>>> print(open('start08.tsv').read())   # TSV, C-alpha atoms
chain	number	residue	atom	x	y	z
A	10	MET	CA	0.00	0.00	0.00
A	11	SER	CA	1.84	3.05	-1.14
A	12	ASP	CA	-0.73	5.59	-2.28
A	13	ALA	CA	-2.44	8.38	-0.38
A	14	LEU	CA	-5.57	6.35	0.27
A	15	ALA	CA	-3.59	3.52	1.86
A	16	ALA	CA	-1.73	6.05	4.02
A	17	ALA	CA	-5.02	7.65	5.08
A	18	LYS	CA	-6.38	4.24	6.02
A	19	HIS	CA	-3.31	3.55	8.14
A	20	VAL	CA	-3.63	6.90	9.93
A	21	LEU	CA	-7.35	6.32	10.59
A	22	LEU	CA	-6.69	2.86	12.04
A	23	GLY	CA	-3.97	4.34	14.23
A	24	MET	CA	-6.32	7.07	15.49
A	25	LEU	CA	-8.91	4.43	16.29
A	26	GLY	CA	-6.26	2.75	18.43
A	27	GLY	CA	-5.40	6.02	20.19
A	28	ALA	CA	-2.59	7.55	18.11
A	29	ALA	CA	-3.06	11.33	17.96
A	30	PRO	CA	-3.67	12.80	14.49
A	31	GLY	CA	-0.34	13.75	12.96
A	32	SER	CA	1.69	11.55	15.30
A	33	GLN	CA	2.12	8.73	12.76
A	34	THR	CA	5.03	9.90	10.66
A	35	ASP	CA	6.57	6.62	9.49
A	36	LEU	CA	3.82	5.24	7.28
A	37	ALA	CA	6.14	3.06	5.23
A	38	ASN	CA	7.17	1.16	8.35
A	39	PRO	CA	4.11	1.10	10.55
A	40	ASP	CA	5.64	-1.22	13.13
B	14	MET	CA	-14.55	6.62	5.73
B	15	ALA	CA	-14.96	7.09	9.49
B	16	ALA	CA	-18.71	7.64	9.18
B	17	ALA	CA	-19.24	4.78	6.72
B	18	HIS	CA	-17.63	2.36	9.17
B	19	ARG	CA	-19.31	3.69	12.37
B	20	LEU	CA	-16.02	4.97	13.82
B	21	GLU	CA	-16.97	8.54	14.72
B	22	PRO	CA	-18.25	7.95	18.29
B	23	LEU	CA	-15.01	6.18	19.26
B	24	LEU	CA	-12.93	8.91	17.61
B	25	ALA	CA	-14.93	11.53	19.53
B	26	TRP	CA	-14.12	9.73	22.79
B	27	ARG	CA	-10.43	9.43	21.88
B	28	ALA	CA	-10.27	13.13	21.02
B	29	ILE	CA	-11.73	14.17	24.40
B	30	THR	CA	-9.90	11.57	26.51
B	31	ASP	CA	-6.50	12.20	24.92
B	32	GLY	CA	-6.93	15.94	24.28
B	33	TRP	CA	-6.43	15.79	20.52
B	34	ALA	CA	-6.31	19.05	18.58
B	35	VAL	CA	-9.08	18.45	16.04
B	36	PRO	CA	-10.63	21.07	13.69
B	37	ASP	CA	-13.94	22.34	15.10
B	38	GLU	CA	-16.07	21.08	12.23
B	39	VAL	CA	-14.59	17.58	12.53
B	40	ALA	CA	-15.03	17.53	16.32
B	41	SER	CA	-18.65	18.69	15.93
B	42	ALA	CA	-19.41	15.92	13.42
B	43	TRP	CA	-17.85	13.29	15.69
B	44	ASP	CA	-19.77	14.59	18.74
B	45	ALA	CA	-23.04	14.61	16.80
B	46	ALA	CA	-22.46	11.01	15.73
B	47	ARG	CA	-21.73	10.07	19.35
B	48	ARG	CA	-24.95	11.71	20.58
B	49	THR	CA	-26.97	9.95	17.87
B	50	ALA	CA	-25.38	6.62	18.77
B	51	ALA	CA	-26.24	7.24	22.45
B	52	LEU	CA	-29.90	7.79	21.55
B	53	HIS	CA	-29.93	4.64	19.42
B	54	SER	CA	-28.39	2.63	22.25
B	55	LEU	CA	-31.39	3.55	24.42
B	56	GLY	CA	-33.70	2.09	21.76
B	57	PHE	CA	-31.59	-1.07	21.57
B	58	GLN	CA	-31.68	-1.37	25.36
B	59	ALA	CA	-35.49	-1.11	25.39
B	60	ALA	CA	-35.77	-3.65	22.57
B	61	LEU	CA	-33.47	-6.05	24.41
B	62	ARG	CA	-35.59	-5.82	27.58
B	63	LEU	CA	-38.79	-6.37	25.61
B	64	ALA	CA	-37.56	-9.21	23.38
B	65	GLY	CA	-35.54	-10.91	26.11
B	66	GLY	CA	-38.44	-10.76	28.58
B	67	ARG	CA	-40.80	-12.37	26.08
B	68	LEU	CA	-38.32	-15.11	25.12
B	69	ASP	CA	-37.62	-15.83	28.79
B	70	ALA	CA	-41.36	-16.01	29.53
B	71	ALA	CA	-41.78	-18.47	26.64
B	72	GLY	CA	-38.97	-20.66	28.00
B	73	ILE	CA	-36.76	-20.12	24.93
B	74	GLY	CA	-33.01	-20.09	25.56
B	75	TRP	CA	-31.25	-17.21	23.81
B	76	VAL	CA	-27.98	-15.30	23.61
B	77	ALA	CA	-27.34	-11.69	22.54
B	78	LEU	CA	-24.56	-11.80	19.93
B	79	LYS	CA	-21.65	-9.47	19.12
B	80	GLY	CA	-22.32	-5.84	19.97
B	81	VAL	CA	-24.47	-6.20	23.08
B	82	ALA	CA	-21.81	-7.53	25.48
B	83	LEU	CA	-19.18	-5.33	23.84
B	84	ALA	CA	-21.25	-2.13	24.09
B	85	TRP	CA	-22.61	-2.55	27.61
B	86	ARG	CA	-19.67	-4.33	29.24
B	87	ASP	CA	-16.38	-3.99	27.35
B	88	TYR	CA	-16.31	-0.53	25.72
B	89	PRO	CA	-15.92	2.53	27.97
B	90	ALA	CA	-19.51	3.58	27.04
B	91	PRO	CA	-22.28	1.84	25.06
B	92	GLU	CA	-22.52	4.49	22.34
B	93	LEU	CA	-18.85	4.02	21.41
B	94	ARG	CA	-19.82	0.68	19.87
B	95	PRO	CA	-22.70	1.60	17.51
B	96	MET	CA	-24.95	-1.22	16.34
B	97	ARG	CA	-27.07	-1.46	13.21
B	98	ASP	CA	-29.37	-4.04	14.75
B	99	ILE	CA	-29.67	-6.53	17.58
B	100	ASP	CA	-28.59	-10.09	16.84
B	101	LEU	CA	-30.10	-12.83	19.00
B	102	LEU	CA	-29.23	-16.53	18.77
B	103	VAL	CA	-31.70	-19.28	19.60
B	104	ALA	CA	-31.56	-23.01	18.91
B	105	ARG	CA	-32.61	-23.89	15.37
B	106	ALA	CA	-35.49	-25.94	16.80
B	107	ASP	CA	-36.79	-22.83	18.61
B	108	VAL	CA	-36.37	-20.20	15.93
B	109	LEU	CA	-39.89	-20.24	14.46
B	110	HIS	CA	-41.45	-20.32	17.93
B	111	ALA	CA	-39.21	-17.40	18.92
B	112	ALA	CA	-40.24	-15.44	15.80
B	113	GLY	CA	-43.90	-15.96	16.77
B	114	VAL	CA	-43.26	-14.83	20.34
B	115	LEU	CA	-41.46	-11.71	19.12
B	116	ALA	CA	-44.18	-10.99	16.55
B	117	ALA	CA	-46.67	-10.84	19.43
B	118	ALA	CA	-44.37	-8.26	21.07
B	119	GLY	CA	-44.45	-6.02	17.99
B	120	PHE	CA	-41.41	-7.29	16.06
B	121	ALA	CA	-42.83	-7.67	12.54
B	122	MET	CA	-41.22	-9.22	9.48
B	123	PRO	CA	-42.20	-6.78	6.72
B	124	GLY	CA	-42.23	-8.08	3.15
B	125	SER	CA	-41.45	-11.68	4.09
B	126	ASP	CA	-43.78	-14.62	3.64
B	127	ALA	CA	-43.59	-18.26	4.72
B	128	ALA	CA	-41.51	-19.11	1.63
B	129	ALA	CA	-38.92	-16.43	2.50
B	130	VAL	CA	-38.72	-17.76	6.06
B	131	ALA	CA	-38.25	-21.33	4.77
B	132	GLU	CA	-35.51	-20.16	2.40
B	133	ALA	CA	-33.77	-18.28	5.23
B	134	LEU	CA	-33.88	-21.42	7.36
B	135	ARG	CA	-32.26	-23.40	4.54
B	136	GLN	CA	-29.68	-20.92	3.30
B	137	ASP	CA	-29.10	-18.12	5.83
B	138	LYS	CA	-27.92	-18.01	9.40
B	139	HIS	CA	-30.87	-15.87	10.49
B	140	LEU	CA	-34.53	-15.30	9.61
B	141	PRO	CA	-35.51	-12.20	7.59
B	142	PRO	CA	-35.05	-9.09	9.79
B	143	LEU	CA	-37.71	-8.28	12.40
B	144	GLU	CA	-38.59	-4.63	12.84
B	145	HIS	CA	-40.15	-2.89	15.84
B	146	THR	CA	-41.46	0.37	14.42
B	147	GLY	CA	-42.28	1.86	17.84
B	148	LEU	CA	-38.72	1.49	19.07
B	149	GLY	CA	-37.11	1.98	15.66
B	150	VAL	CA	-35.04	-1.17	16.13
B	151	THR	CA	-34.24	-4.04	13.76
B	152	LEU	CA	-33.62	-7.46	15.26
B	153	GLU	CA	-32.12	-10.51	13.58
B	154	LEU	CA	-33.05	-13.89	14.96
B	155	HIS	CA	-30.14	-16.27	14.31
B	156	HIS	CA	-30.31	-20.05	14.21
B	157	ALA	CA	-26.66	-20.42	13.15
B	158	LEU	CA	-23.39	-18.57	13.73
B	159	SER	CA	-21.65	-19.17	10.41
B	160	ASP	CA	-22.76	-18.88	6.81
B	161	ALA	CA	-23.85	-22.25	5.40
B	162	PRO	CA	-20.85	-24.31	4.16
B	163	GLU	CA	-21.99	-24.07	0.53
B	164	ARG	CA	-22.75	-20.32	0.59
B	165	HIS	CA	-19.28	-19.18	-0.46
B	166	GLY	CA	-16.82	-20.66	-2.92
B	167	TYR	CA	-14.32	-20.77	-0.05
B	168	ARG	CA	-14.57	-22.93	3.08
B	169	THR	CA	-16.44	-21.31	5.97
B	170	PRO	CA	-15.65	-22.55	9.52
B	171	GLN	CA	-18.77	-23.75	11.30
B	172	LEU	CA	-19.11	-22.40	14.84
B	173	ASP	CA	-21.33	-24.38	17.20
B	174	PRO	CA	-24.53	-22.55	18.25
B	175	ALA	CA	-25.41	-25.19	20.86
B	176	ALA	CA	-22.03	-24.73	22.57
B	177	MET	CA	-22.50	-20.95	22.67
B	178	LEU	CA	-26.00	-21.29	24.13
B	179	ALA	CA	-24.75	-23.79	26.74
B	180	GLY	CA	-21.88	-21.52	27.80
B	181	ARG	CA	-23.85	-18.27	28.05
B	182	GLU	CA	-23.21	-15.79	30.86
B	183	ALA	CA	-25.64	-13.23	32.29
B	184	LEU	CA	-24.94	-9.53	31.80
B	185	ALA	CA	-26.94	-6.75	33.47
B	186	VAL	CA	-28.14	-4.24	30.84
B	187	GLY	CA	-30.34	-1.44	32.12
B	188	GLY	CA	-31.65	-3.57	34.99
B	189	ALA	CA	-32.38	-6.61	32.79
B	190	SER	CA	-30.39	-9.83	32.76
B	191	VAL	CA	-29.13	-10.45	29.22
B	192	PRO	CA	-27.49	-13.78	28.34
B	193	CYS	CA	-24.27	-13.20	26.39
B	194	PRO	CA	-21.64	-15.58	24.96
B	195	ALA	CA	-18.67	-16.73	27.03
B	196	SER	CA	-15.68	-14.52	26.17
B	197	GLU	CA	-13.93	-17.21	24.11
B	198	ASP	CA	-17.12	-17.81	22.11
B	199	LEU	CA	-17.63	-14.08	21.58
B	200	LEU	CA	-14.04	-13.64	20.37
B	201	ALA	CA	-14.36	-16.62	18.02
B	202	HIS	CA	-17.63	-15.33	16.61
B	203	LEU	CA	-16.26	-11.82	16.04
B	204	MET	CA	-13.27	-13.22	14.17
B	205	VAL	CA	-15.05	-15.80	12.02
B	206	HIS	CA	-17.86	-13.37	11.21
B	207	ALA	CA	-15.45	-10.63	10.09
B	208	LEU	CA	-13.09	-12.90	8.18
B	209	TYR	CA	-15.33	-15.44	6.51
B	210	GLY	CA	-18.74	-13.73	6.57
B	211	HIS	CA	-17.47	-10.32	5.46
B	212	ARG	CA	-13.90	-10.77	4.13
B	213	LEU	CA	-13.08	-7.95	6.63
B	214	ASP	CA	-15.23	-5.36	4.81
B	215	CYS	CA	-17.39	-4.97	7.94
B	216	GLY	CA	-14.78	-2.42	8.97
B	217	PRO	CA	-12.09	-1.84	11.61
B	218	LEU	CA	-14.56	-1.78	14.49
B	219	VAL	CA	-13.73	-5.48	14.78
B	220	LEU	CA	-10.20	-4.52	15.92
B	221	ALA	CA	-11.63	-2.20	18.58
B	222	ASP	CA	-14.02	-4.99	19.59
B	223	ILE	CA	-11.11	-7.39	20.05
B	224	HIS	CA	-9.05	-4.79	21.91
B	225	PHE	CA	-11.75	-3.81	24.41
B	226	LEU	CA	-12.86	-7.43	24.89
B	227	LEU	CA	-9.30	-8.59	25.65
B	228	ALA	CA	-8.64	-5.56	27.87
B	229	GLY	CA	-11.49	-6.43	30.20
B	230	ARG	CA	-11.93	-10.20	30.06
B	231	GLU	CA	-9.81	-13.23	30.83
B	232	ILE	CA	-9.55	-15.57	27.86
B	233	ASP	CA	-8.79	-19.28	28.16
B	234	TRP	CA	-6.22	-19.15	25.35
B	235	CYS	CA	-5.64	-22.93	25.36
B	236	ARG	CA	-9.33	-23.54	24.73
B	237	PHE	CA	-9.54	-20.70	22.22
B	238	VAL	CA	-6.55	-21.82	20.13
B	239	ALA	CA	-7.59	-25.48	20.26
B	240	THR	CA	-11.05	-24.55	18.93
B	241	ALA	CA	-9.55	-22.35	16.20
B	242	GLN	CA	-7.22	-25.16	15.11
B	243	ALA	CA	-9.94	-27.78	15.18
B	244	GLN	CA	-12.25	-25.60	13.09
B	245	GLY	CA	-9.49	-24.41	10.75
B	246	TRP	CA	-9.41	-20.65	11.41
B	247	GLU	CA	-6.23	-20.26	13.48
B	248	ARG	CA	-4.62	-18.23	10.69
B	249	GLY	CA	-7.55	-15.84	10.82
B	250	ALA	CA	-7.17	-15.48	14.59
B	251	ALA	CA	-3.45	-14.73	14.13
B	252	LEU	CA	-4.22	-12.15	11.44
B	253	LEU	CA	-6.78	-10.24	13.52
B	254	LEU	CA	-4.64	-10.37	16.66
B	255	ALA	CA	-1.65	-9.03	14.70
B	256	LEU	CA	-3.73	-6.16	13.25
B	257	THR	CA	-5.15	-5.34	16.69
B	258	THR	CA	-1.64	-5.31	18.14
B	259	ARG	CA	-0.39	-3.06	15.33
B	260	HIS	CA	-3.03	-0.39	15.90
B	261	PHE	CA	-4.10	-0.78	19.55
B	262	GLY	CA	-0.85	-1.90	21.18
B	263	PRO	CA	0.24	-5.21	22.74
B	264	GLN	CA	-2.50	-7.77	23.32
B	265	PRO	CA	-2.45	-10.48	26.01
B	266	HIS	CA	-1.69	-13.30	23.56
B	267	VAL	CA	0.48	-13.65	20.48
B	268	LEU	CA	0.05	-16.10	17.60
B	269	PRO	CA	2.44	-16.69	14.65
B	270	HIS	CA	2.88	-13.45	12.69
B	271	PRO	CA	1.19	-13.45	9.25
B	272	PRO	CA	3.16	-12.37	6.14
B	273	GLU	CA	3.44	-8.59	5.77
B	274	ALA	CA	1.69	-8.64	2.37
B	275	ILE	CA	-1.33	-10.34	3.93
B	276	LEU	CA	-1.40	-7.85	6.81
B	277	ALA	CA	-1.30	-4.97	4.31
B	278	ALA	CA	-4.08	-6.49	2.17
B	279	ALA	CA	-6.20	-7.15	5.27
B	280	GLN	CA	-5.69	-3.58	6.48
B	281	ASP	CA	-6.79	-2.31	3.08
B	282	ALA	CA	-9.86	-4.59	3.11
B	283	LEU	CA	-10.88	-3.38	6.59
B	284	LEU	CA	-11.53	0.09	5.20
B	285	ALA	CA	-12.93	-0.96	1.85
B	286	ASP	CA	-15.55	1.19	0.16
B	287	PRO	CA	-18.88	-0.25	1.43
B	288	ALA	CA	-20.31	0.18	-2.09
B	289	THR	CA	-17.90	-2.45	-3.44
B	290	ARG	CA	-18.76	-5.26	-1.01
B	291	ASP	CA	-20.69	-7.27	-3.56
B	292	HIS	CA	-17.80	-7.10	-6.01
B	293	ALA	CA	-15.28	-8.14	-3.36
B	294	GLU	CA	-17.45	-11.07	-2.29
B	295	THR	CA	-17.83	-12.21	-5.89
B	296	LEU	CA	-14.10	-12.08	-6.53
B	297	ALA	CA	-13.29	-13.89	-3.27
B	298	ASP	CA	-15.90	-16.57	-3.96
B	299	LEU	CA	-14.72	-17.20	-7.49
B	300	THR	CA	-10.96	-17.01	-6.99
B	301	ALA	CA	-10.82	-18.96	-3.73
B	302	ALA	CA	-13.29	-21.68	-4.78
B	303	ARG	CA	-12.01	-24.95	-3.35
B	304	SER	CA	-13.48	-27.20	-6.04
B	305	PRO	CA	-15.21	-27.03	-9.46
B	306	ALA	CA	-18.50	-27.76	-7.66
B	307	ALA	CA	-17.94	-24.84	-5.25
B	308	LEU	CA	-17.11	-22.59	-8.20
B	309	ALA	CA	-20.27	-23.68	-10.02
B	310	HIS	CA	-22.33	-23.02	-6.87
B	311	ALA	CA	-20.79	-19.55	-6.47
B	312	VAL	CA	-21.68	-18.71	-10.10
B	313	ARG	CA	-25.22	-20.12	-9.74
B	314	ARG	CA	-25.83	-18.11	-6.57
B	315	ARG	CA	-25.05	-14.93	-8.48
B	316	LEU	CA	-27.54	-15.78	-11.19
B	317	LYS	CA	-30.49	-16.10	-8.81
B	318	PRO	CA	-32.12	-13.17	-6.96
B	319	ASP	CA	-33.33	-13.98	-3.45
B	320	ARG	CA	-37.02	-13.98	-2.64
B	321	GLN	CA	-36.99	-10.58	-0.95
B	322	VAL	CA	-35.51	-8.98	-4.08
B	323	VAL	CA	-38.14	-10.65	-6.27
B	324	ALA	CA	-40.89	-9.58	-3.86
B	325	SER	CA	-39.75	-5.97	-3.69
B	326	GLU	CA	-38.73	-5.39	-7.32
B	327	SER	CA	-41.01	-7.61	-9.40
B	328	THR	CA	-44.68	-6.96	-10.07
B	329	GLY	CA	-45.28	-10.28	-11.78
B	330	GLY	CA	-43.83	-12.75	-9.27
B	331	GLY	CA	-40.41	-13.00	-10.96
B	332	GLY	CA	-40.67	-14.58	-14.43
B	333	TRP	CA	-37.96	-14.99	-17.09
B	334	GLY	CA	-38.25	-11.34	-18.11
B	335	PHE	CA	-37.62	-10.13	-14.56
B	336	TRP	CA	-34.70	-12.56	-14.19
B	337	ALA	CA	-33.04	-11.41	-17.42
B	338	VAL	CA	-33.29	-7.75	-16.41
B	339	TRP	CA	-32.03	-8.52	-12.89
B	340	VAL	CA	-29.01	-10.46	-14.15
B	341	ALA	CA	-28.20	-7.75	-16.71
B	342	ARG	CA	-28.35	-5.06	-14.02
B	343	ARG	CA	-26.22	-7.11	-11.67
B	344	PHE	CA	-23.49	-7.63	-14.24
B	345	ALA	CA	-23.66	-3.98	-15.31
B	346	ARG	CA	-23.00	-2.97	-11.67
B	347	LEU	CA	-20.14	-5.44	-11.47
B	348	ALA	CA	-18.66	-4.17	-14.74
B	349	SER	CA	-18.81	-0.57	-13.53
B	350	ARG	CA	-16.90	-1.59	-10.38
B	351	LEU	CA	-14.23	-3.27	-12.49
B	352	GLY	CA	-13.44	0.15	-13.91
B	353	ASP	CA	-12.75	1.55	-10.43
B	354	ARG	CA	-9.09	1.17	-9.44
B	355	ARG	CA	-9.79	1.32	-5.71
B	356	ALA	CA	-12.56	-1.27	-5.96
B	357	ARG	CA	-10.34	-3.61	-7.97
B	358	ARG	CA	-7.47	-3.33	-5.49
B	359	GLU	CA	-9.66	-3.84	-2.42
B	360	ALA	CA	-11.43	-6.82	-3.97
B	361	ARG	CA	-8.12	-8.39	-5.03
B	362	GLY	CA	-6.74	-7.84	-1.51
B	363	ALA	CA	-9.76	-9.41	0.17
B	364	ALA	CA	-9.55	-12.39	-2.19
B	365	ALA	CA	-5.82	-12.76	-1.43
B	366	VAL	CA	-6.55	-12.79	2.31
B	367	ILE	CA	-9.24	-15.46	1.84
B	368	ARG	CA	-6.88	-17.60	-0.27
B	369	TRP	CA	-4.17	-17.30	2.42
B	370	LEU	CA	-6.66	-18.28	5.12
B	371	GLN	CA	-7.55	-21.39	3.10
B	372	SER	CA	-4.01	-22.47	2.23
>>> encode(input="start08.tsv", output="structure tokens")
Amino acid sequence: MSDALAAAKHVLLGMLGGAAPGSQTDLANPD
Amino acid sequence: MAAAHRLEPLLAWRAITDGWAVPDEVASAWDAARRTAALHSLGFQAALRLAGGRLDAAGIGWVALKGVALAWRDYPAPELRPMRDIDLLVARADVLHAAGVLAAAGFAMPGSDAAAVAEALRQDKHLPPLEHTGLGVTLELHHALSDAPERHGYRTPQLDPAAMLAGREALAVGGASVPCPASEDLLAHLMVHALYGHRLDCGPLVLADIHFLLAGREIDWCRFVATAQAQGWERGAALLLALTTRHFGPQPHVLPHPPEAILAAAQDALLADPATRDHAETLADLTAARSPAALAHAVRRRLKPDRQVVASESTGGGGWGFWAVWVARRFARLASRLGDRRARREARGAAAVIRWLQS
């Protein structure tokens, strides 16, 4: 998943789990 | 995406609890969704008291599935786990009696006749939806926990309704005692339902469900893993636990880590466009078919409208003319989806996850 939509999905899932918006900077390596 | 997958109430709670800086218009939309969900949860609570009381009085054993225990016990507040309807499980032998008891309590089955009920008993895991117009609540009366083995081209694990009914535990909801599944049974049902019933397109709420369930309940992991292995869905359990860990932090149990490509495809499928579900299901059914007979069944199923569609869309009872138009429309919709890059990718990803689960 490399496009903007995939990145947005990753950010949304992170927010659902409690990550503050904007705190997820390393989208290519989510772990 | 957040609204389509019922995520706004939980995001509203996160924003307040963790002090997120969120634009006013976004915060307002999330808060409005949370207030609406809170109002709906009151309707669900009233419907549960009414339906449960009548089933108890009739001597019918029942269990409230999925969202009920999660909303009123495991999540920080009931409205954070929005529900579309209430799902109740009864023994297959009791389901028609239960439908009659609920009909007398105002839960009607609009647009469904005896033939539709018989078809649902044969092919579906629940009867046609029951609606209580006064409470504004839809209720599904289940007689099974998994889709019928022949419903999909791929193999569907068969959870045991009798075992869930036998292991039920009472939960107090608004002063009423509501039977709910044992935690291991609830976890298994959440996972199998999301993976095999929906190919994950029911949305990421399933990860929050797993997180809040595991945060508050002790799980007998030996029993859970043994059941998953015996029923052939241990890879699915590992996949959902890994995704929950990735987004919600460490969970109390770890299973073998799935391949990164499968995790990525599953993550993509979790937030699939709800409008493309039919396309994704078709692709998964056809590409993961385990035999020529299963493939033929999957094709046949797509060439036959169900009774409710015929009843609602046909004026002549569903002759050849209606069938030809219905099939043409169905394939036209499918063809239009094939032109959508996002739909193609999400459907391919879901199918890849299903194939990995089967291999």
>>> residues_around(input="start08.tsv", residues="region 129-146 of chain B", least_positions_apart="3", cutoff="8 Å", atoms="only C-alpha atoms", output="list in words")
Gly119, Phe120, Ala121, Met122, Pro123, Ser125, Asp126, Gly149, Val150, Thr151, Leu152, Glu153, Leu154, His155, His156, Ala157, Leu158, Ser159, Asp160, Ala161, Arg164, Arg320 and Gln321 of chain B
>>> closest_atom_pairs(input="start08.tsv", of="chain A", to="chain B", cutoff="10 Å", atoms="only C-alpha atoms", output="JSON lines")
{"residue": "A:Met10", "atom": "CA", "partner": "B:Ala277", "partner_atom": "CA", "distance": 6.7}
{"residue": "A:Leu14", "atom": "CA", "partner": "B:Arg355", "partner_atom": "CA", "distance": 8.9}
{"residue": "A:Ala15", "atom": "CA", "partner": "B:Asp281", "partner_atom": "CA", "distance": 6.8}
{"residue": "A:Ala16", "atom": "CA", "partner": "B:Asp281", "partner_atom": "CA", "distance": 9.8}
{"residue": "A:Ala17", "atom": "CA", "partner": "B:Met14", "partner_atom": "CA", "distance": 9.6}
{"residue": "A:Lys18", "atom": "CA", "partner": "B:Leu284", "partner_atom": "CA", "distance": 6.7}
{"residue": "A:His19", "atom": "CA", "partner": "B:Gln280", "partner_atom": "CA", "distance": 7.7}
{"residue": "A:Val20", "atom": "CA", "partner": "B:His260", "partner_atom": "CA", "distance": 9.4}
{"residue": "A:Leu21", "atom": "CA", "partner": "B:Ala15", "partner_atom": "CA", "distance": 7.7}
{"residue": "A:Leu22", "atom": "CA", "partner": "B:His260", "partner_atom": "CA", "distance": 6.2}
{"residue": "A:Gly23", "atom": "CA", "partner": "B:His260", "partner_atom": "CA", "distance": 5.1}
{"residue": "A:Met24", "atom": "CA", "partner": "B:Leu24", "partner_atom": "CA", "distance": 7.2}
{"residue": "A:Leu25", "atom": "CA", "partner": "B:Leu24", "partner_atom": "CA", "distance": 6.2}
{"residue": "A:Gly26", "atom": "CA", "partner": "B:Phe261", "partner_atom": "CA", "distance": 4.3}
{"residue": "A:Gly27", "atom": "CA", "partner": "B:Arg27", "partner_atom": "CA", "distance": 6.3}
{"residue": "A:Ala28", "atom": "CA", "partner": "B:His260", "partner_atom": "CA", "distance": 8.3}
{"residue": "A:Ala29", "atom": "CA", "partner": "B:Trp33", "partner_atom": "CA", "distance": 6.1}
{"residue": "A:Pro30", "atom": "CA", "partner": "B:Trp33", "partner_atom": "CA", "distance": 7.3}
{"residue": "A:Gly31", "atom": "CA", "partner": "B:Ala34", "partner_atom": "CA", "distance": 9.8}
{"residue": "A:Pro39", "atom": "CA", "partner": "B:Arg259", "partner_atom": "CA", "distance": 7.8}
{"residue": "A:Asp40", "atom": "CA", "partner": "B:Arg259", "partner_atom": "CA", "distance": 6.7}
>>> atom_distance(input="start08.tsv", atom1="CA of His211 (chain B)", atom2="CA of Ala116 (chain B)")
28.9 Å
>>> atom_distance(input="start08.tsv", atom1="CA of Ala112 (chain B)", atom2="CA of Glu163 (chain B)")
25.3 Å
>>> atom_distance(input="start08.tsv", atom1="CA of Leu63 (chain B)", atom2="CA of Leu115 (chain B)")
8.8 Å
>>> closest_residue(input="start08.tsv", among="B:Ala111, B:Ala356, B:Ala364, B:Leu276", to="Asp298 (chain B)", atoms="all atoms listed in the file")
B:Ala364
>>> residues_around(input="start08.tsv", residues="region 46-51 of chain B", least_positions_apart="5", cutoff="6 Å", atoms="all atoms listed in the file", output="count of residues only")
3
>>> decode(input="start08.tsv", residues="region 267-279 of chain B", atoms="N, CA and C atoms", output="PDB file, in the first residue's frame")
ATOM      1  N   VAL B 267      -0.146 -13.819  21.797  1.00  0.00           N
ATOM      2  CA  VAL B 267       0.480 -13.650  20.484  1.00  0.00           C
ATOM      3  C   VAL B 267       0.405 -14.974  19.738  1.00  0.00           C
ATOM      4  N   LEU B 268       0.044 -14.918  18.470  1.00  0.00           N
ATOM      5  CA  LEU B 268       0.049 -16.100  17.604  1.00  0.00           C
ATOM      6  C   LEU B 268       1.063 -15.854  16.493  1.00  0.00           C
ATOM      7  N   PRO B 269       1.430 -16.882  15.712  1.00  0.00           N
ATOM      8  CA  PRO B 269       2.437 -16.689  14.654  1.00  0.00           C
ATOM      9  C   PRO B 269       2.092 -15.511  13.744  1.00  0.00           C
ATOM     10  N   HIS B 270       3.108 -14.687  13.445  1.00  0.00           N
ATOM     11  CA  HIS B 270       2.884 -13.450  12.693  1.00  0.00           C
ATOM     12  C   HIS B 270       2.585 -13.757  11.224  1.00  0.00           C
ATOM     13  N   PRO B 271       1.493 -13.230  10.675  1.00  0.00           N
ATOM     14  CA  PRO B 271       1.187 -13.452   9.249  1.00  0.00           C
ATOM     15  C   PRO B 271       2.178 -12.706   8.362  1.00  0.00           C
ATOM     16  N   PRO B 272       2.274 -13.099   7.076  1.00  0.00           N
ATOM     17  CA  PRO B 272       3.156 -12.375   6.139  1.00  0.00           C
ATOM     18  C   PRO B 272       2.737 -10.905   6.030  1.00  0.00           C
ATOM     19  N   GLU B 273       3.718 -10.029   5.829  1.00  0.00           N
ATOM     20  CA  GLU B 273       3.444  -8.589   5.772  1.00  0.00           C
ATOM     21  C   GLU B 273       2.476  -8.243   4.641  1.00  0.00           C
ATOM     22  N   ALA B 274       2.586  -8.939   3.500  1.00  0.00           N
ATOM     23  CA  ALA B 274       1.693  -8.640   2.370  1.00  0.00           C
ATOM     24  C   ALA B 274       0.238  -8.942   2.738  1.00  0.00           C
ATOM     25  N   ILE B 275       0.037  -9.980   3.523  1.00  0.00           N
ATOM     26  CA  ILE B 275      -1.333 -10.338   3.926  1.00  0.00           C
ATOM     27  C   ILE B 275      -1.852  -9.314   4.938  1.00  0.00           C
ATOM     28  N   LEU B 276      -0.996  -8.890   5.859  1.00  0.00           N
ATOM     29  CA  LEU B 276      -1.403  -7.847   6.815  1.00  0.00           C
ATOM     30  C   LEU B 276      -1.798  -6.567   6.076  1.00  0.00           C
ATOM     31  N   ALA B 277      -1.006  -6.197   5.064  1.00  0.00           N
ATOM     32  CA  ALA B 277      -1.303  -4.974   4.313  1.00  0.00           C
ATOM     33  C   ALA B 277      -2.617  -5.112   3.551  1.00  0.00           C
ATOM     34  N   ALA B 278      -2.829  -6.281   2.925  1.00  0.00           N
ATOM     35  CA  ALA B 278      -4.078  -6.491   2.171  1.00  0.00           C
ATOM     36  C   ALA B 278      -5.274  -6.492   3.117  1.00  0.00           C
ATOM     37  N   ALA B 279      -5.106  -7.095   4.292  1.00  0.00           N
ATOM     38  CA  ALA B 279      -6.201  -7.145   5.266  1.00  0.00           C
ATOM     39  C   ALA B 279      -6.521  -5.745   5.775  1.00  0.00           C
TER      40      ALA B 279
END
